[in-house]
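J.: Input data-v5.pdb, format and content: PDB, C-alpha atoms, pLDDT in the B column.
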```
ATOM      1  CA  MET A   1      17.333   7.217   5.866  1.00 44.00           C
ATOM      2  CA  ARG A   2      18.815   3.784   6.561  1.00 50.00           C
ATOM      3  CA  ASN A   3      16.773   3.442   9.751  1.00 54.00           C
ATOM      4  CA  ARG A   4      13.593   4.319   7.856  1.00 53.00           C
ATOM      5  CA  ALA A   5      14.374   1.683   5.244  1.00 52.00           C
ATOM      6  CA  TRP A   6      15.182  -0.835   7.974  1.00 54.00           C
ATOM      7  CA  LEU A   7      11.825  -0.201   9.667  1.00 57.00           C
ATOM      8  CA  ALA A   8      10.076  -0.827   6.359  1.00 55.00           C
ATOM      9  CA  LEU A   9      11.990  -4.089   6.053  1.00 58.00           C
ATOM     10  CA  VAL A  10      10.872  -5.162   9.537  1.00 60.00           C
ATOM     11  CA  ALA A  11       7.298  -4.277   8.600  1.00 57.00           C
ATOM     12  CA  TRP A  12       7.676  -6.463   5.534  1.00 57.00           C
ATOM     13  CA  GLY A  13       8.619  -9.423   7.661  1.00 59.00           C
ATOM     14  CA  LEU A  14       5.668  -8.820   9.970  1.00 57.00           C
ATOM     15  CA  ALA A  15       3.314  -8.458   7.038  1.00 56.00           C
ATOM     16  CA  GLY A  16       4.553 -11.740   5.622  1.00 56.00           C
ATOM     17  CA  ALA A  17       3.894 -13.444   8.944  1.00 53.00           C
ATOM     18  CA  ALA A  18       0.425 -11.897   9.088  1.00 53.00           C
ATOM     19  CA  LEU A  19      -0.511 -13.139   5.626  1.00 53.00           C
ATOM     20  CA  ALA A  20       0.889 -16.636   6.056  1.00 53.00           C
ATOM     21  CA  VAL A  21      -2.544 -18.145   6.718  1.00 54.00           C
ATOM     22  CA  GLU A  22      -1.305 -21.540   5.512  1.00 67.00           C
ATOM     23  CA  PRO A  23       2.408 -22.174   4.821  1.00 76.00           C
ATOM     24  CA  ALA A  24       3.290 -23.996   1.596  1.00 85.00           C
ATOM     25  CA  PRO A  25       3.384 -27.784   2.118  1.00 90.00           C
ATOM     26  CA  VAL A  26       6.719 -27.952   0.279  1.00 95.00           C
ATOM     27  CA  ASP A  27      10.177 -26.504   0.926  1.00 97.00           C
ATOM     28  CA  TYR A  28      11.584 -24.148  -1.691  1.00 97.00           C
ATOM     29  CA  SER A  29      13.935 -21.274  -2.500  1.00 98.00           C
ATOM     30  CA  ALA A  30      13.405 -18.353  -4.884  1.00 97.00           C
ATOM     31  CA  ASP A  31      14.414 -14.831  -5.821  1.00 97.00           C
ATOM     32  CA  GLU A  32      11.963 -12.533  -4.054  1.00 93.00           C
ATOM     33  CA  ILE A  33      10.950  -8.971  -4.922  1.00 91.00           C
ATOM     34  CA  MET A  34       9.206  -7.025  -2.167  1.00 85.00           C
ATOM     35  CA  GLU A  35       7.688  -3.580  -2.591  1.00 84.00           C
ATOM     36  CA  THR A  36       5.905  -0.983  -0.458  1.00 77.00           C
ATOM     37  CA  ALA A  37       5.435   2.755  -0.915  1.00 76.00           C
ATOM     38  CA  GLU A  38       8.586   3.150   1.178  1.00 71.00           C
ATOM     39  CA  MET A  39      10.981   0.832  -0.632  1.00 74.00           C
ATOM     40  CA  SER A  40      11.595  -2.003  -3.075  1.00 80.00           C
ATOM     41  CA  VAL A  41      14.109  -4.765  -2.335  1.00 83.00           C
ATOM     42  CA  GLU A  42      15.151  -8.001  -4.027  1.00 89.00           C
ATOM     43  CA  GLY A  43      17.135 -10.995  -2.869  1.00 93.00           C
ATOM     44  CA  PRO A  44      17.159 -14.758  -2.265  1.00 96.00           C
ATOM     45  CA  ALA A  45      14.487 -16.256  -0.017  1.00 95.00           C
ATOM     46  CA  TYR A  46      14.137 -19.686   1.570  1.00 97.00           C
ATOM     47  CA  TYR A  47      11.058 -21.428   2.989  1.00 95.00           C
ATOM     48  CA  SER A  48      10.678 -24.611   5.018  1.00 95.00           C
ATOM     49  CA  GLY A  49       7.665 -25.741   7.042  1.00 91.00           C
ATOM     50  CA  GLY A  50       6.455 -22.194   7.701  1.00 88.00           C
ATOM     51  CA  LYS A  51       9.964 -20.888   8.459  1.00 93.00           C
ATOM     52  CA  GLU A  52      11.231 -18.056   6.251  1.00 93.00           C
ATOM     53  CA  ARG A  53      14.627 -16.514   5.494  1.00 95.00           C
ATOM     54  CA  ARG A  54      15.116 -13.396   3.349  1.00 92.00           C
ATOM     55  CA  GLU A  55      18.459 -11.879   2.357  1.00 93.00           C
ATOM     56  CA  MET A  56      18.844  -8.392   0.872  1.00 87.00           C
ATOM     57  CA  LEU A  57      20.912  -5.227   0.720  1.00 82.00           C
ATOM     58  CA  ILE A  58      19.617  -2.130   2.528  1.00 75.00           C
ATOM     59  CA  GLU A  59      21.635   0.916   1.428  1.00 73.00           C
ATOM     60  CA  GLY A  60      24.706  -1.222   0.850  1.00 79.00           C
ATOM     61  CA  MET A  61      24.384  -3.256   4.057  1.00 81.00           C
ATOM     62  CA  ARG A  62      23.506  -6.966   3.957  1.00 87.00           C
ATOM     63  CA  GLN A  63      20.440  -7.808   6.039  1.00 88.00           C
ATOM     64  CA  ILE A  64      18.973 -11.223   6.822  1.00 93.00           C
ATOM     65  CA  MET A  65      15.458 -11.667   8.150  1.00 91.00           C
ATOM     66  CA  ILE A  66      14.400 -15.003   9.655  1.00 94.00           C
ATOM     67  CA  THR A  67      10.773 -15.604  10.616  1.00 91.00           C
ATOM     68  CA  ARG A  68      10.090 -18.497  12.994  1.00 92.00           C
ATOM     69  CA  PRO A  69       6.350 -18.968  13.654  1.00 87.00           C
ATOM     70  CA  ASP A  70       7.174 -22.092  15.678  1.00 90.00           C
ATOM     71  CA  LYS A  71       9.130 -19.936  18.147  1.00 92.00           C
ATOM     72  CA  LYS A  72       6.829 -16.894  17.650  1.00 89.00           C
ATOM     73  CA  VAL A  73       9.813 -14.670  16.841  1.00 91.00           C
ATOM     74  CA  MET A  74      11.368 -12.803  13.943  1.00 90.00           C
ATOM     75  CA  TRP A  75      15.120 -12.213  13.876  1.00 93.00           C
ATOM     76  CA  THR A  76      16.874  -9.489  11.918  1.00 90.00           C
ATOM     77  CA  LEU A  77      20.565 -10.280  11.416  1.00 92.00           C
ATOM     78  CA  MET A  78      23.346  -7.874  10.457  1.00 90.00           C
ATOM     79  CA  PRO A  79      26.230 -10.161   9.334  1.00 93.00           C
ATOM     80  CA  GLU A  80      28.805  -7.378   9.071  1.00 91.00           C
ATOM     81  CA  GLN A  81      28.299  -6.428  12.730  1.00 90.00           C
ATOM     82  CA  ARG A  82      27.507 -10.013  13.824  1.00 94.00           C
ATOM     83  CA  MET A  83      24.451  -8.728  15.650  1.00 93.00           C
ATOM     84  CA  TYR A  84      20.757  -9.570  15.609  1.00 94.00           C
ATOM     85  CA  MET A  85      17.465  -8.208  16.893  1.00 91.00           C
ATOM     86  CA  GLU A  86      14.456 -10.226  18.030  1.00 92.00           C
ATOM     87  CA  ILE A  87      10.790  -9.248  17.695  1.00 87.00           C
ATOM     88  CA  LYS A  88       8.045 -11.279  19.304  1.00 86.00           C
ATOM     89  CA  LEU A  89       5.230 -12.427  17.024  1.00 78.00           C
ATOM     90  CA  GLY A  90       1.757 -12.746  18.488  1.00 63.00           C
ATOM     91  CA  ASP A  91       2.655 -12.271  22.162  1.00 47.00           C
ATOM     92  CA  ALA A  92      -0.272 -13.608  24.184  1.00 38.00           C
ATOM     93  CA  GLY A  93      -0.369 -10.444  26.270  1.00 35.00           C
ATOM     94  CA  ALA A  94       0.014  -8.056  23.380  1.00 36.00           C
ATOM     95  CA  GLY A  95      -3.695  -7.667  22.710  1.00 35.00           C
ATOM     96  CA  GLN A  96      -3.270  -6.879  19.013  1.00 37.00           C
ATOM     97  CA  GLY A  97      -0.492  -9.329  18.213  1.00 42.00           C
ATOM     98  CA  ASP A  98      -2.638 -12.420  17.602  1.00 49.00           C
ATOM     99  CA  LEU A  99      -3.580 -12.368  13.929  1.00 53.00           C
ATOM    100  CA  SER A 100      -5.163 -15.821  14.121  1.00 59.00           C
ATOM    101  CA  GLY A 101      -8.315 -14.039  15.304  1.00 68.00           C
ATOM    102  CA  TYR A 102      -8.863 -12.432  11.902  1.00 74.00           C
ATOM    103  CA  GLU A 103     -11.744 -13.647   9.758  1.00 83.00           C
ATOM    104  CA  VAL A 104     -10.399 -14.774   6.390  1.00 82.00           C
ATOM    105  CA  GLU A 105     -12.519 -14.786   3.231  1.00 88.00           C
ATOM    106  CA  GLN A 106     -10.938 -16.242   0.101  1.00 88.00           C
ATOM    107  CA  THR A 107     -12.515 -16.371  -3.380  1.00 94.00           C
ATOM    108  CA  THR A 108     -11.011 -18.070  -6.430  1.00 96.00           C
ATOM    109  CA  VAL A 109     -10.693 -15.813  -9.484  1.00 97.00           C
ATOM    110  CA  GLY A 110      -9.128 -18.236 -11.972  1.00 97.00           C
ATOM    111  CA  PRO A 111      -5.884 -19.598 -13.504  1.00 98.00           C
ATOM    112  CA  GLU A 112      -3.068 -17.215 -14.486  1.00 97.00           C
ATOM    113  CA  GLU A 113       0.590 -17.621 -15.435  1.00 97.00           C
ATOM    114  CA  VAL A 114       3.125 -15.698 -13.311  1.00 97.00           C
ATOM    115  CA  ASN A 115       6.838 -15.727 -14.192  1.00 95.00           C
ATOM    116  CA  GLY A 116       6.461 -18.998 -16.099  1.00 95.00           C
ATOM    117  CA  VAL A 117       4.497 -20.727 -13.330  1.00 96.00           C
ATOM    118  CA  MET A 118       0.838 -21.677 -13.638  1.00 97.00           C
ATOM    119  CA  THR A 119      -1.050 -20.330 -10.652  1.00 97.00           C
ATOM    120  CA  THR A 120      -4.538 -19.857  -9.295  1.00 97.00           C
ATOM    121  CA  LYS A 121      -5.445 -16.225  -8.645  1.00 97.00           C
ATOM    122  CA  SER A 122      -7.520 -15.624  -5.518  1.00 94.00           C
ATOM    123  CA  LYS A 123      -9.078 -12.646  -3.800  1.00 94.00           C
ATOM    124  CA  ILE A 124      -8.554 -12.548  -0.042  1.00 88.00           C
ATOM    125  CA  VAL A 125      -9.960 -10.307   2.695  1.00 88.00           C
ATOM    126  CA  MET A 126      -8.816 -10.462   6.338  1.00 83.00           C
ATOM    127  CA  THR A 127     -11.067  -8.626   8.816  1.00 85.00           C
ATOM    128  CA  GLY A 128     -10.165  -7.972  12.438  1.00 80.00           C
ATOM    129  CA  ARG A 129     -12.457  -7.637  15.433  1.00 78.00           C
ATOM    130  CA  LYS A 130     -12.065  -3.849  15.414  1.00 76.00           C
ATOM    131  CA  GLY A 131     -12.813  -3.437  11.718  1.00 75.00           C
ATOM    132  CA  ASP A 132      -9.204  -3.308  10.485  1.00 78.00           C
ATOM    133  CA  LYS A 133      -8.721  -5.105   7.173  1.00 81.00           C
ATOM    134  CA  MET A 134      -6.076  -6.468   4.864  1.00 80.00           C
ATOM    135  CA  GLY A 135      -7.160  -7.587   1.426  1.00 87.00           C
ATOM    136  CA  GLY A 136      -6.207  -7.967  -2.203  1.00 91.00           C
ATOM    137  CA  PHE A 137      -5.038 -10.749  -4.500  1.00 94.00           C
ATOM    138  CA  TRP A 138      -2.527 -13.553  -4.436  1.00 90.00           C
ATOM    139  CA  TRP A 139      -1.422 -16.136  -6.946  1.00 95.00           C
ATOM    140  CA  THR A 140      -0.728 -19.691  -5.722  1.00 94.00           C
ATOM    141  CA  SER A 141       1.079 -22.480  -7.588  1.00 96.00           C
ATOM    142  CA  ASN A 142      -0.099 -26.101  -7.691  1.00 95.00           C
ATOM    143  CA  GLU A 143       2.390 -26.835  -4.885  1.00 93.00           C
ATOM    144  CA  GLY A 144       0.746 -24.219  -2.670  1.00 92.00           C
ATOM    145  CA  ILE A 145       3.485 -21.585  -3.104  1.00 94.00           C
ATOM    146  CA  VAL A 146       2.338 -17.945  -3.095  1.00 92.00           C
ATOM    147  CA  VAL A 147       4.125 -16.801  -6.266  1.00 95.00           C
ATOM    148  CA  LYS A 148       2.673 -13.295  -6.193  1.00 95.00           C
ATOM    149  CA  MET A 149       0.848 -11.126  -3.670  1.00 90.00           C
ATOM    150  CA  ASP A 150      -0.680  -7.643  -3.965  1.00 92.00           C
ATOM    151  CA  VAL A 151      -2.622  -6.494  -0.893  1.00 88.00           C
ATOM    152  CA  ILE A 152      -3.722  -3.327   0.871  1.00 87.00           C
ATOM    153  CA  ALA A 153      -3.954  -2.954   4.665  1.00 79.00           C
ATOM    154  CA  ILE A 154      -6.592  -0.572   6.025  1.00 79.00           C
ATOM    155  CA  ASP A 155      -6.890   0.590   9.620  1.00 72.00           C
ATOM    156  CA  LYS A 156      -8.637   3.727  10.919  1.00 72.00           C
ATOM    157  CA  GLY A 157      -8.448   5.435   7.536  1.00 71.00           C
ATOM    158  CA  SER A 158      -4.769   4.604   6.932  1.00 76.00           C
ATOM    159  CA  LYS A 159      -3.768   2.495   3.946  1.00 80.00           C
ATOM    160  CA  ALA A 160      -0.579   0.633   3.063  1.00 79.00           C
ATOM    161  CA  ARG A 161       0.037  -1.363  -0.114  1.00 84.00           C
ATOM    162  CA  ILE A 162       2.271  -4.430   0.085  1.00 83.00           C
ATOM    163  CA  LYS A 163       3.473  -6.425  -2.932  1.00 88.00           C
ATOM    164  CA  LYS A 164       5.562  -9.583  -3.295  1.00 89.00           C
ATOM    165  CA  GLU A 165       6.654 -11.630  -6.291  1.00 95.00           C
ATOM    166  CA  LEU A 166       8.789 -14.772  -6.658  1.00 96.00           C
ATOM    167  CA  LYS A 167      11.042 -15.735  -9.558  1.00 97.00           C
ATOM    168  CA  ASN A 168      13.285 -18.745 -10.246  1.00 97.00           C
ATOM    169  CA  ILE A 169      11.446 -20.996  -7.800  1.00 97.00           C
ATOM    170  CA  ASN A 170      13.248 -24.227  -6.884  1.00 97.00           C
ATOM    171  CA  VAL A 171      11.260 -26.801  -4.923  1.00 97.00           C
ATOM    172  CA  GLY A 172      13.386 -28.941  -2.585  1.00 96.00           C
ATOM    173  CA  SER A 173      14.504 -29.435   1.000  1.00 97.00           C
ATOM    174  CA  GLN A 174      16.342 -26.544   2.681  1.00 97.00           C
ATOM    175  CA  ASP A 175      19.235 -26.633   5.158  1.00 97.00           C
ATOM    176  CA  ALA A 176      17.848 -26.224   8.699  1.00 97.00           C
ATOM    177  CA  ALA A 177      20.820 -23.984   9.593  1.00 97.00           C
ATOM    178  CA  LEU A 178      19.412 -21.289   7.288  1.00 97.00           C
ATOM    179  CA  PHE A 179      16.692 -20.613   9.845  1.00 97.00           C
ATOM    180  CA  GLU A 180      18.893 -20.340  12.939  1.00 97.00           C
ATOM    181  CA  ILE A 181      21.073 -17.580  14.415  1.00 97.00           C
ATOM    182  CA  PRO A 182      24.755 -18.364  13.738  1.00 95.00           C
ATOM    183  CA  ALA A 183      27.056 -18.779  16.733  1.00 95.00           C
ATOM    184  CA  GLY A 184      28.806 -15.645  17.939  1.00 95.00           C
ATOM    185  CA  TYR A 185      26.021 -13.131  17.167  1.00 96.00           C
ATOM    186  CA  GLU A 186      25.124 -10.580  19.850  1.00 95.00           C
ATOM    187  CA  LYS A 187      21.546  -9.625  20.608  1.00 93.00           C
ATOM    188  CA  MET A 188      20.511  -5.977  20.605  1.00 85.00           C
ATOM    189  CA  SER A 189      17.278  -4.058  21.220  1.00 71.00           C
ATOM    190  CA  MET A 190      15.298  -2.202  18.564  1.00 63.00           C
ATOM    191  CA  MET A 191      16.336   1.110  20.118  1.00 62.00           C
ATOM    192  CA  ASN A 192      20.027   0.185  19.911  1.00 60.00           C
ATOM    193  CA  MET A 193      19.510  -0.999  16.334  1.00 57.00           C
ATOM    194  CA  LEU A 194      18.014   2.362  15.335  1.00 55.00           C
ATOM    195  CA  LEU A 195      20.693   4.326  17.175  1.00 56.00           C
ATOM    196  CA  GLY A 196      23.505   2.140  15.893  1.00 55.00           C
ATOM    197  CA  GLY A 197      24.506   1.052  19.384  1.00 50.00           C
ATOM    198  CA  GLY A 198      26.050  -2.135  20.718  1.00 51.00           C
ATOM    199  CA  GLY A 199      24.557  -5.490  21.568  1.00 51.00           C
ATOM    200  CA  GLU A 200      22.862  -6.795  24.676  1.00 51.00           C
ATOM    201  CA  GLU A 201      23.997 -10.366  25.134  1.00 45.00           C
ATOM    202  CA  PRO A 202      25.432 -13.281  23.097  1.00 43.00           C
ATOM    203  CA  ALA A 203      23.095 -15.382  20.973  1.00 45.00           C
ATOM    204  CA  GLY A 204      23.764 -18.614  22.832  1.00 43.00           C
ATOM    205  CA  ASP A 205      24.527 -21.459  20.447  1.00 44.00           C
ATOM    206  CA  GLU A 206      23.970 -22.484  16.844  1.00 41.00           C
ATOM    207  CA  SER A 207      20.497 -23.823  17.621  1.00 42.00           C
ATOM    208  CA  GLY A 208      19.172 -20.254  17.818  1.00 43.00           C
ATOM    209  CA  SER A 209      18.420 -17.921  20.688  1.00 41.00           C
ATOM    210  CA  ALA A 210      17.895 -20.630  23.292  1.00 40.00           C
ATOM    211  CA  GLY A 211      18.434 -19.303  26.767  1.00 40.00           C
ATOM    212  CA  ALA A 212      18.093 -15.665  25.730  1.00 38.00           C
ATOM    213  CA  GLU A 213      14.815 -15.247  27.610  1.00 40.00           C
ATOM    214  CA  GLU A 214      16.412 -16.350  30.872  1.00 39.00           C
ATOM    215  CA  GLN A 215      19.269 -13.881  30.429  1.00 40.00           C
ATOM    216  CA  GLN A 216      17.107 -10.821  29.883  1.00 42.00           C
ATOM    217  CA  ALA A 217      16.373  -8.393  32.687  1.00 41.00           C
ATOM    218  CA  PRO A 218      12.810  -8.397  34.130  1.00 42.00           C
ATOM    219  CA  ALA A 219      12.345  -4.748  33.078  1.00 41.00           C
ATOM    220  CA  GLU A 220      13.047  -5.653  29.461  1.00 41.00           C
ATOM    221  CA  LYS A 221      10.558  -8.503  29.553  1.00 40.00           C
ATOM    222  CA  LYS A 222       7.811  -6.104  30.613  1.00 40.00           C
ATOM    223  CA  GLU A 223       8.445  -3.948  27.559  1.00 40.00           C
ATOM    224  CA  LYS A 224       8.027  -6.824  25.094  1.00 39.00           C
ATOM    225  CA  ARG A 225       4.898  -6.941  23.003  1.00 43.00           C
ATOM    226  CA  GLY A 226       3.581  -8.550  19.869  1.00 43.00           C
ATOM    227  CA  PHE A 227       2.870  -6.864  16.562  1.00 41.00           C
ATOM    228  CA  GLY A 228      -0.538  -6.583  14.932  1.00 47.00           C
ATOM    229  CA  LEU A 229      -1.977  -5.178  11.730  1.00 47.00           C
ATOM    230  CA  LYS A 230      -1.909  -1.583  13.017  1.00 51.00           C
ATOM    231  CA  ASN A 231       1.847  -1.869  13.684  1.00 50.00           C
ATOM    232  CA  ILE A 232       2.409  -3.027  10.118  1.00 46.00           C
ATOM    233  CA  ILE A 233       0.408  -0.143   8.684  1.00 46.00           C
ATOM    234  CA  ASP A 234       2.175   2.440  10.840  1.00 49.00           C
ATOM    235  CA  MET A 235       5.588   1.174   9.738  1.00 44.00           C
ATOM    236  CA  VAL A 236       5.020   0.903   5.994  1.00 43.00           C
ATOM    237  CA  LYS A 237       2.697   3.852   5.270  1.00 45.00           C
TER     238      LYS A 237
END
```
Write out the structure in this file as structure tokens.

T.:
Amino acid sequence: MRNRAWLALVAWGLAGAALAVEPAPVDYSADEIMETAEMSVEGPAYYSGGKERREMLIEGMRQIMITRPDKKVMWTLMPEQRMYMEIKLGDAGAGQGDLSGYEVEQTTVGPEEVNGVMTTKSKIVMTGRKGDKMGGFWWTSNEGIVVKMDVIAIDKGSKARIKKELKNINVGSQDAALFEIPAGYEKMSMMNMLLGGGGEEPAGDESGSAGAEEQQAPAEKKEKRGFGLKNIIDMVK
């Protein structure tokens, strides 16, 4: 059960990266509620220049998810075990990992108040080259913060609904260390994460996972791939 919930959490992070067509031009923190058919979680979230950090409890275990579009990676940290997992975002050789190729159509619906914040409600539809779609509504504040999101992903007849809502938004600069892997964390593969196994190699230094690529075996590099819309649907449906 915990592994299933963890997979849904990973899918959430990927979905967030997929929908981040334009990051907010301001830094901020908030309490975030995320919901799919699989699960509903709530916890603090931090945003800075397109970087994201989410903290939450999954069946009693603290999980931290850091999305770094600048490095094209997403890290899932398990503080209690001092371990982390890395997923590549938009690998050039992944074929379906590059979501920048989606056609985006956005239509303004009108003003609406969400959790005490005045927003502009918009309808958005993302269409891929193979006909896969992700569409729905989102509510954006005057600062460009997506306060609420309610979308449905469709691919080959499969559907997955994804919802997000922010409360207690505080606009202001965020500590850069929030978006890095702390020193002393060990890296592990997705398979080891699901099986509850040990790590692969140390995280390097406090600046993140620098040097990790050079330390990985060639065979592991060949297995790496990006994640696309179909991956998100398969994980959250």

J.: Between A:Tyr102, A:Val117, A:Gly43, A:Met188, which one has atoms that come closest to A:Arg129, using only C-alpha atoms?

T.: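 Under the stated criterion, the closest residue is A:Tyr102.
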
J.: Under the rule that only C-alpha atoms are counted, which of A:Met134, A:Leu166, A:Ile181, A:Met65 is the nearest residue to A:Val104?

T.: A:Met134

J.: Starting from the displayed file, determine the output of the PyMOL selection byres ((chain A and resi 28) around 7) and express the residue list as a list of chain:residue names.

T.: A:Val26, A:Asp27, A:Ser29, A:Ala30, A:Tyr46, A:Tyr47, A:Ser48, A:Ile169, A:Asn170, A:Val171, A:Gly172, A:Ser173, A:Gln174

J.: Tell me which residues the PyMOL selection byres ((chain A and resi 66) around 8) grabs here, as JSON, numbers by chain.

T.: {"A": [51, 52, 53, 54, 64, 65, 67, 68, 74, 75, 76, 77, 179, 180]}

J.: Atom CA of A:Ser122 and atom CA of A:Phe137, how far apart in Å?

T.: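 Going from atom CA of A:Phe137 over to atom CA of A:Ser122 covers 5.6 Å.
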
J.: Which one is closest to A:Pro182: A:Ala160, A:Met83, A:Ala24, A:Met34? Count only C-alpha atoms.

T.: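 Using only C-alpha atoms, the shortest distance to A:Pro182 belongs to A:Met83.
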